[in-house]
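Chemist: This is the structure I want to talk about, given as structure tokens.
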Amino acid sequence: MGVGVLILVALVGIAILRQGPQATPLPGEPLNQLGQARGIVVGTAVRSQVLKAKRGYRELIAQQFASLTPENEMKWEINEPQQGEFDFGPGDEVVDAAKSAGQVVRGHTLIWHAQYPGWLKELGPKRLAAATKEHIAQVVGHYRGSGVVNVWDVVNEVVADDGGLRESIFLRRLGPGFIAGAFNAARAADPKAKLYINEIGAESIGPKSNRLYEVVRGLKAAKVPIDGVGFQVHSNLGGLPGDFVANMQRFKALGLDIAITEADVGLKLPPSEADLRRQARIYGRIVRACKAVKCASLTLWGFSDGHSWISETQAGMGAATLLDEQFQPKPAFRAVQRALAGS
Ligand code: G3I
């Protein structure tokens, strides 16, 4: 066997080894099938780099989920790093993975006060308004053709904890109308996609969710094309507020879809067995709250403790997902299965 062939065989072998082991199938019925039986699209945030590098991760994601949310790949700083220069590569990788597994994609996120490119800061109000409209037209238009991006988080985290509108370059330079403008631009680019407003820390009834309610009610009254409200549910061992379901129900009563969009339950590291059991109970409550309002979708913000923003951004915290770093199920995985399967 020639040297060239030997080198090729060695390179293929290294590539397979780097991809890691095949995934051990998880026990019980897959989450997507359990959700589908109850009209809930069960999904997870994913990272294109990990999908490419880890065969086990990719296989588990395909086995367990009906929907993917690109954790960062469709954010403005990634897909339009310079004005007018679009890079859909990273987002397309997530879309391609979804296509090959028969999944849909939640587009995340068009307008956010974070992870936008620096060149926006150089624009005055008129140019920023035009750039925002063009960005949404190009991004939503690009993914409309994919046939799998059927939902968008159009605006993300626009309400502050105190109940005011969150300070951002968009609010400062465009005024509150930037919210309706983003929805109108997204609808113009895709007549069918479901358009969501997505919020963090708005699970309980209080100043933040009351203002979100007023914003959404105002959009509906003005016939702005909004279809749904996303509650992110980044939780911890403090658990869910007791009025979470009642809170979501009032938004549903406006004629909107409800989604849980970024569920995770962060733990102090290292978690005890009792912590893991409490985490499981909280995940079970998240699923039951979703079912109580007949939510359209339930998305986890990551599926393995080794790929979670919690441990990357919150010192001393982590272990926030359903699988450990070796993709083995934690008590939270079984709790989500039981809660989805329960009556
Ligand atoms: O891509 C760069 C890489 O080139 C560089 O070497 C590396 C180190 O600086 O940073 C990489 O970018 C990181 C990016 O994730 C991609 O991994 C950013 O620093 C990091 O800040 C960014 O964190 C993301 C965070 O949003 C940004 O605020 C998290 O992964 C992501 O899970 C998190 O997700 C948000 C949702 O979009 C909205 N809701 C809240 C949620 C948590 O903040």
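Letters for chains follow the order of the structure tokens (A, B, ...), residue numbers begin at 1 for each chain, and ligand numbers begin at 1 in the order shown.
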Name the residues of stretch 93-262 of chain A that come out as strand (DSSP E or B) in a backbone DSSP run; write them as number ranges by chain.

Modeler: A: 104-112, 149-156, 159, 165, 194-199, 228-231, 234-236, 257-262

Chemist: Considering only C-alpha atoms and all ligand atoms, give me a table of residues in chain A that are at most 6 Å from ligand 1, with the closest atom pair and distance in Å for each, as JSON lines.

Modeler:
```
{"residue": "A:Glu71", "atom": "CA", "partner": "ligand 1", "partner_atom_place_in_ligand_line": "32 (O)", "distance": 5.5}
{"residue": "A:Asn72", "atom": "CA", "partner": "ligand 1", "partner_atom_place_in_ligand_line": "16 (C)", "distance": 5.9}
{"residue": "A:Trp309", "atom": "CA", "partner": "ligand 1", "partner_atom_place_in_ligand_line": "32 (O)", "distance": 4.6}
```

Chemist: Taking C-alpha atoms for each residue, export the selection above as a compact mmCIF listing (two decimals), in the first residue's frame.

Modeler:
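And here's part_14.txt as it stands now:
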```
# COMPACT_ATOMS: atom_id res chain seq x y z
CA GLU A 71 -27.24 29.58 20.04
CA ASN A 72 -25.24 32.35 18.35
CA TRP A 309 -23.41 29.33 28.58
```

Chemist: Show me, as a ChimeraX atom specification, the residues that have an atom within 8 Å of A:Ala185 when counting only C-alpha atoms, minus same-chain residues fewer than 5 positions from it.

Modeler: /A:133,136-137

Chemist: Can you pull out every residue within 10 Å of A:Ala131, counting only C-alpha atoms, but drop anything in the same chain fewer than 5 positions away, and send it as a PyMOL selection string?

Modeler: chain A and resi 83-84+120+123+125-126+136-137

Chemist: For the selection just defined, write its residues with all heavy atoms to a file, as a PDB file, in the first residue's frame.

Modeler:
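Saved the output as selection_5.pdb:
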```pdb
ATOM      1  N   GLN A  83     -21.310  46.209   7.428  1.00  0.00           N
ATOM      2  CA  GLN A  83     -22.580  46.592   6.796  1.00  0.00           C
ATOM      3  C   GLN A  83     -22.634  46.114   5.353  1.00  0.00           C
ATOM      4  O   GLN A  83     -21.727  46.364   4.562  1.00  0.00           O
ATOM      5  CB  GLN A  83     -22.785  48.106   6.848  1.00  0.00           C
ATOM      6  CG  GLN A  83     -24.161  48.517   6.324  1.00  0.00           C
ATOM      7  CD  GLN A  83     -24.526  49.945   6.677  1.00  0.00           C
ATOM      8  OE1 GLN A  83     -23.658  50.723   7.085  1.00  0.00           O
ATOM      9  NE2 GLN A  83     -25.805  50.277   6.543  1.00  0.00           N
ATOM     10  N   GLY A  84     -23.695  45.366   5.059  1.00  0.00           N
ATOM     11  CA  GLY A  84     -23.890  44.878   3.699  1.00  0.00           C
ATOM     12  C   GLY A  84     -23.096  43.636   3.360  1.00  0.00           C
ATOM     13  O   GLY A  84     -23.230  43.084   2.264  1.00  0.00           O
ATOM     14  N   LEU A 120     -22.828  49.459  13.820  1.00  0.00           N
ATOM     15  CA  LEU A 120     -24.146  50.085  14.069  1.00  0.00           C
ATOM     16  C   LEU A 120     -23.982  51.400  14.826  1.00  0.00           C
ATOM     17  O   LEU A 120     -24.748  52.352  14.644  1.00  0.00           O
ATOM     18  CB  LEU A 120     -25.040  49.154  14.885  1.00  0.00           C
ATOM     19  CG  LEU A 120     -25.640  47.921  14.205  1.00  0.00           C
ATOM     20  CD1 LEU A 120     -26.714  47.306  15.102  1.00  0.00           C
ATOM     21  CD2 LEU A 120     -26.214  48.233  12.835  1.00  0.00           C
ATOM     22  N   LEU A 123     -23.986  54.793  13.094  1.00  0.00           N
ATOM     23  CA  LEU A 123     -25.144  55.224  12.300  1.00  0.00           C
ATOM     24  C   LEU A 123     -26.051  56.162  13.092  1.00  0.00           C
ATOM     25  O   LEU A 123     -26.370  55.902  14.247  1.00  0.00           O
ATOM     26  CB  LEU A 123     -25.944  54.000  11.837  1.00  0.00           C
ATOM     27  CG  LEU A 123     -25.166  52.901  11.094  1.00  0.00           C
ATOM     28  CD1 LEU A 123     -26.124  51.789  10.682  1.00  0.00           C
ATOM     29  CD2 LEU A 123     -24.440  53.468   9.871  1.00  0.00           C
ATOM     30  N   PRO A 125     -29.940  57.978  13.403  1.00  0.00           N
ATOM     31  CA  PRO A 125     -31.264  57.362  13.406  1.00  0.00           C
ATOM     32  C   PRO A 125     -31.760  56.891  12.038  1.00  0.00           C
ATOM     33  O   PRO A 125     -32.181  55.752  11.896  1.00  0.00           O
ATOM     34  CB  PRO A 125     -32.155  58.473  13.967  1.00  0.00           C
ATOM     35  CG  PRO A 125     -31.246  59.286  14.827  1.00  0.00           C
ATOM     36  CD  PRO A 125     -29.929  59.250  14.143  1.00  0.00           C
ATOM     37  N   LYS A 126     -31.656  57.751  11.028  1.00  0.00           N
ATOM     38  CA  LYS A 126     -32.185  57.353   9.715  1.00  0.00           C
ATOM     39  C   LYS A 126     -31.437  56.171   9.136  1.00  0.00           C
ATOM     40  O   LYS A 126     -32.021  55.197   8.653  1.00  0.00           O
ATOM     41  CB  LYS A 126     -32.133  58.538   8.736  1.00  0.00           C
ATOM     42  CG  LYS A 126     -33.266  59.529   8.912  1.00  0.00           C
ATOM     43  CD  LYS A 126     -33.272  60.559   7.793  1.00  0.00           C
ATOM     44  CE  LYS A 126     -34.431  61.557   7.994  1.00  0.00           C
ATOM     45  NZ  LYS A 126     -34.320  62.666   7.009  1.00  0.00           N
ATOM     46  N   ILE A 136     -32.894  42.746   8.533  1.00  0.00           N
ATOM     47  CA  ILE A 136     -34.002  41.792   8.715  1.00  0.00           C
ATOM     48  C   ILE A 136     -34.452  41.248   7.356  1.00  0.00           C
ATOM     49  O   ILE A 136     -34.654  40.035   7.194  1.00  0.00           O
ATOM     50  CB  ILE A 136     -35.164  42.459   9.462  1.00  0.00           C
ATOM     51  CG1 ILE A 136     -34.749  42.781  10.907  1.00  0.00           C
ATOM     52  CG2 ILE A 136     -36.408  41.579   9.444  1.00  0.00           C
ATOM     53  CD1 ILE A 136     -35.771  43.612  11.674  1.00  0.00           C
ATOM     54  N   ALA A 137     -34.558  42.110   6.362  1.00  0.00           N
ATOM     55  CA  ALA A 137     -34.984  41.656   5.025  1.00  0.00           C
ATOM     56  C   ALA A 137     -34.021  40.613   4.478  1.00  0.00           C
ATOM     57  O   ALA A 137     -34.437  39.569   3.962  1.00  0.00           O
ATOM     58  CB  ALA A 137     -35.076  42.857   4.081  1.00  0.00           C
TER      59      ALA A 137
END
```

Chemist: With only C-alpha atoms as the atoms that count, which of A:Arg144, A:Lys208, A:Arg172, A:Lys192 lies nearest to A:Ala160?

Modeler: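 Looking at the shortest contact to A:Ala160, the residue is A:Lys208.
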
Chemist: From the DSSP assignment of the backbone, select every residue of stretch 142-266 of chain A that is alpha helix (DSSP H), and format the answer as a VMD selection string.

Modeler: chain A and resid 142 to 144 169 to 174 178 to 189 207 to 221 244 to 252

Chemist: Suppose we keep C-alpha atoms; can you now write the selection as a PDB file, in the first residue's frame?

Modeler:
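part_5.pdb was written with the following content:
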```pdb
ATOM      1  CA  HIS A 142     -32.238  34.149   3.156  1.00  0.00           C
ATOM      2  CA  TYR A 143     -33.682  31.637   5.589  1.00  0.00           C
ATOM      3  CA  ARG A 144     -37.194  31.776   4.158  1.00  0.00           C
ATOM      4  CA  ILE A 169     -28.990  51.630  20.680  1.00  0.00           C
ATOM      5  CA  PHE A 170     -32.318  50.833  19.017  1.00  0.00           C
ATOM      6  CA  LEU A 171     -34.455  52.507  21.690  1.00  0.00           C
ATOM      7  CA  ARG A 172     -32.178  55.534  21.935  1.00  0.00           C
ATOM      8  CA  ARG A 173     -31.925  56.214  18.209  1.00  0.00           C
ATOM      9  CA  LEU A 174     -35.214  54.873  16.845  1.00  0.00           C
ATOM     10  CA  PHE A 178     -38.284  50.008  16.552  1.00  0.00           C
ATOM     11  CA  ILE A 179     -40.178  47.041  17.935  1.00  0.00           C
ATOM     12  CA  ALA A 180     -43.114  47.298  15.517  1.00  0.00           C
ATOM     13  CA  GLY A 181     -40.700  48.177  12.714  1.00  0.00           C
ATOM     14  CA  ALA A 182     -38.798  44.948  13.240  1.00  0.00           C
ATOM     15  CA  PHE A 183     -41.962  42.846  13.147  1.00  0.00           C
ATOM     16  CA  ASN A 184     -43.209  44.590   9.993  1.00  0.00           C
ATOM     17  CA  ALA A 185     -39.849  44.071   8.289  1.00  0.00           C
ATOM     18  CA  ALA A 186     -39.785  40.397   9.262  1.00  0.00           C
ATOM     19  CA  ARG A 187     -43.336  39.838   7.975  1.00  0.00           C
ATOM     20  CA  ALA A 188     -42.496  41.556   4.707  1.00  0.00           C
ATOM     21  CA  ALA A 189     -39.578  39.148   4.278  1.00  0.00           C
ATOM     22  CA  PRO A 207     -43.298  45.219  36.574  1.00  0.00           C
ATOM     23  CA  LYS A 208     -41.312  43.471  33.829  1.00  0.00           C
ATOM     24  CA  SER A 209     -43.985  41.086  32.608  1.00  0.00           C
ATOM     25  CA  ASN A 210     -46.686  43.763  33.022  1.00  0.00           C
ATOM     26  CA  ARG A 211     -44.748  46.062  30.682  1.00  0.00           C
ATOM     27  CA  LEU A 212     -44.158  43.178  28.280  1.00  0.00           C
ATOM     28  CA  TYR A 213     -47.903  42.581  28.364  1.00  0.00           C
ATOM     29  CA  GLU A 214     -48.576  46.252  27.531  1.00  0.00           C
ATOM     30  CA  VAL A 215     -46.035  46.160  24.696  1.00  0.00           C
ATOM     31  CA  VAL A 216     -47.579  43.036  23.217  1.00  0.00           C
ATOM     32  CA  ARG A 217     -51.150  44.283  23.666  1.00  0.00           C
ATOM     33  CA  GLY A 218     -50.164  47.518  21.914  1.00  0.00           C
ATOM     34  CA  LEU A 219     -48.624  45.624  19.010  1.00  0.00           C
ATOM     35  CA  LYS A 220     -51.767  43.522  18.626  1.00  0.00           C
ATOM     36  CA  ALA A 221     -53.992  46.600  18.799  1.00  0.00           C
ATOM     37  CA  PHE A 244     -45.802  31.543  36.010  1.00  0.00           C
ATOM     38  CA  VAL A 245     -48.745  29.715  34.405  1.00  0.00           C
ATOM     39  CA  ALA A 246     -51.179  32.555  35.183  1.00  0.00           C
ATOM     40  CA  ASN A 247     -48.710  34.989  33.700  1.00  0.00           C
ATOM     41  CA  MET A 248     -48.382  33.053  30.461  1.00  0.00           C
ATOM     42  CA  GLN A 249     -52.141  32.529  30.268  1.00  0.00           C
ATOM     43  CA  ARG A 250     -52.840  36.274  30.046  1.00  0.00           C
ATOM     44  CA  PHE A 251     -50.555  36.516  27.017  1.00  0.00           C
ATOM     45  CA  LYS A 252     -52.251  33.493  25.486  1.00  0.00           C
TER      46      LYS A 252
END
```

Chemist: Please list as a VMD selection string every residue within 6 Å of A:Gly230, counting only C-alpha atoms and excluding residues in the same chain fewer than 6 positions away.

Modeler: chain A and resid 198 259 to 261

Chemist: List as a PyMOL selection string the protein and nucleic acid residues near A:Gly91, meaning an atom at most 7 Å away when only C-alpha atoms are counted, but skip any in the same chain fewer than 6 places from it.

Modeler: chain A and resi 70+73-74

Chemist: Determine, counting only C-alpha atoms, which protein, DNA and RNA residues have an atom within 6 Å of an atom of stretch 55-69 of chain A; residues of the same chain fewer than 4 positions away are not included. Present the result as number ranges by chain.

Modeler: A: 19, 22-23, 30-32, 42-45, 51, 101, 103-106

Chemist: Work out how far atom CA of A:Leu195 is from atom CA of A:Leu240, in Å to one decimal.

Modeler: 25.6 Å

Chemist: Please determine, counting only C-alpha atoms, which residue among A:Arg47, A:His135, A:Arg334, A:Lys54 has the shortest atom-to-atom distance to A:Phe86.

Modeler: A:His135

Chemist: In Å to one decimal, how far is atom CA of A:Pro191 from atom CA of A:Asn150?

Modeler: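 Atom CA of A:Pro191 lies 10.3 Å from atom CA of A:Asn150.
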
Chemist: Name the closest residue to A:Asp96 among the candidates A:Gln232, A:Ser204, A:Gln314, A:Ser48; distances are taken between atoms, counting only C-alpha atoms.

Modeler: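 Among the listed residues, the smallest separation from A:Asp96 belongs to A:Ser48.
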
Chemist: Calculate how many Å separate atom CA of A:Ala130 from atom CA of A:Gly228, rounding to one decimal.

Modeler: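 Between these atoms lies a distance of 25.2 Å.
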